[in-house]
Amino acid sequence: MNEKEKEKKVIYDALVTESFPNGMFRVRLDNGDIILGYISGKIRRNFIRILPGDKVQIEVSRYDSTKGRIIYRLPTKKDSKD
């Protein structure tokens, strides 16, 4: 087993339920679990704003399933320009 296989992370679609002042969020996964999520560097660098009620993709490690990294903010109906 090589390094990449060992460090595989699981990606879930989730809903942001609460925002904390230090860039952390309480997130409800599709399976109903509630975990703590933090913003990835790319989202922080591109000043993407995440608010409660947003749908996001979160990457959770196999080793600590209570925390995850928010890697993508999914577009909502009001975001589309149609």
# chains A, B, ... in the order shown; residues from 1 in each chain; ligands from 1

call {"tool": "select_by_dssp", "arguments": {"residues": "chain A", "states": "helix (DSSP H, G or I)", "output": "mmCIF file with C-alpha atoms, in the first residue's frame"}}
result
data_model
loop_
_atom_site.group_PDB
_atom_site.id
_atom_site.type_symbol
_atom_site.label_atom_id
_atom_site.label_comp_id
_atom_site.auth_asym_id
_atom_site.auth_seq_id
_atom_site.Cartn_x
_atom_site.Cartn_y
_atom_site.Cartn_z
ATOM 1 C CA GLU A 3 1.236 6.695 0.723
ATOM 2 C CA LYS A 4 -1.612 8.013 -1.432
ATOM 3 C CA GLU A 5 -3.842 5.004 -0.775
ATOM 4 C CA LYS A 6 -3.235 5.210 2.963
ATOM 5 C CA GLY A 41 -6.406 27.323 1.620
ATOM 6 C CA LYS A 42 -7.744 27.771 -1.927
ATOM 7 C CA ILE A 43 -11.125 28.977 -0.661
ATOM 8 C CA ARG A 44 -9.428 31.354 1.777
ATOM 9 C CA ARG A 45 -7.017 32.660 -0.864
ATOM 10 C CA LYS A 77 -30.112 28.677 -7.399
ATOM 11 C CA LYS A 78 -29.568 32.382 -6.625
ATOM 12 C CA ASP A 79 -25.905 32.138 -7.744
#

call {"tool": "residues_around", "arguments": {"residues": "stretch 23-28 of chain A", "least_positions_apart": "6", "cutoff": "10 Å", "atoms": "only C-alpha atoms", "output": "list in words"}}
result
Tyr12, Asp13, Ala14, Leu15, Val16, Thr17, Ile34, Ile35, Leu36, Gly37, Tyr38, Ile39, Ser40, Arg44, Ile50, Leu51, Pro52, Gly53, Asp54, Lys55, Val56, Ile58, Lys67, Gly68, Arg69 and Ile70 of chain A

call {"tool": "write_last_selection", "arguments": {"atoms": "C-alpha atoms", "output": "short mmCIF file (atom, residue, chain, number, x, y, z; two decimals), in the first residue's frame"}}
result
data_model
loop_
_atom_site.label_atom_id
_atom_site.label_comp_id
_atom_site.auth_asym_id
_atom_site.auth_seq_id
_atom_site.Cartn_x
_atom_site.Cartn_y
_atom_site.Cartn_z
CA TYR A 12 -19.26 14.33 1.35
CA ASP A 13 -21.84 16.88 0.27
CA ALA A 14 -22.92 18.85 3.33
CA LEU A 15 -24.93 21.82 4.56
CA VAL A 16 -23.36 24.59 6.66
CA THR A 17 -25.52 25.08 9.77
CA ILE A 34 -22.68 16.89 12.37
CA ILE A 35 -18.97 17.70 12.23
CA LEU A 36 -16.65 20.70 12.50
CA GLY A 37 -15.36 22.03 9.18
CA TYR A 38 -12.56 24.47 8.37
CA ILE A 39 -11.86 26.33 5.14
CA SER A 40 -9.20 25.03 2.76
CA ARG A 44 -9.43 31.35 1.78
CA ILE A 50 -19.31 30.70 3.05
CA LEU A 51 -22.46 31.39 5.03
CA PRO A 52 -24.90 29.22 7.00
CA GLY A 53 -27.29 27.56 4.57
CA ASP A 54 -24.66 27.01 1.85
CA LYS A 55 -24.11 23.55 0.36
CA VAL A 56 -20.43 22.56 0.36
CA ILE A 58 -16.15 18.53 2.68
CA LYS A 67 -13.37 17.32 11.59
CA GLY A 68 -13.13 18.01 7.89
CA ARG A 69 -11.81 20.48 5.34
CA ILE A 70 -14.29 22.42 3.20
#

call {"tool": "select_by_dssp", "arguments": {"residues": "chain A", "states": "strand (DSSP E or B)", "output": "compact mmCIF listing (two decimals) with C-alpha atoms, in the first residue's frame"}}
result
# COMPACT_ATOMS: atom_id res chain seq x y z
CA LYS A 9 -10.07 11.01 2.29
CA VAL A 10 -13.83 10.67 1.96
CA ILE A 11 -15.69 13.55 0.26
CA TYR A 12 -19.26 14.33 1.35
CA ASP A 13 -21.84 16.88 0.27
CA ALA A 14 -22.92 18.85 3.33
CA LEU A 15 -24.93 21.82 4.56
CA VAL A 16 -23.36 24.59 6.66
CA THR A 17 -25.52 25.08 9.77
CA GLU A 18 -23.45 27.46 11.90
CA SER A 19 -20.51 29.82 11.43
CA MET A 24 -14.70 27.20 11.43
CA PHE A 25 -18.18 25.93 10.61
CA ARG A 26 -20.62 23.39 12.00
CA VAL A 27 -21.61 21.22 9.04
CA ARG A 28 -24.35 18.59 8.65
CA LEU A 29 -23.35 15.77 6.30
CA ILE A 34 -22.68 16.89 12.37
CA ILE A 35 -18.97 17.70 12.23
CA LEU A 36 -16.65 20.70 12.50
CA GLY A 37 -15.36 22.03 9.18
CA TYR A 38 -12.56 24.47 8.37
CA ILE A 39 -11.86 26.33 5.14
CA LYS A 55 -24.11 23.55 0.36
CA VAL A 56 -20.43 22.56 0.36
CA GLN A 57 -18.19 19.60 -0.32
CA ILE A 58 -16.15 18.53 2.68
CA GLU A 59 -13.17 16.19 2.83
CA VAL A 60 -13.02 13.99 5.94
CA SER A 61 -10.04 11.88 7.00
CA LYS A 67 -13.37 17.32 11.59
CA GLY A 68 -13.13 18.01 7.89
CA ARG A 69 -11.81 20.48 5.34
CA ILE A 70 -14.29 22.42 3.20
CA ILE A 71 -12.90 22.14 -0.33
CA TYR A 72 -15.73 23.46 -2.54
CA ARG A 73 -18.83 25.65 -2.24

call {"tool": "atom_distance", "arguments": {"atom1": "atom CA of A:Arg49", "atom2": "atom CA of A:Thr66"}}
result
22.7 Å
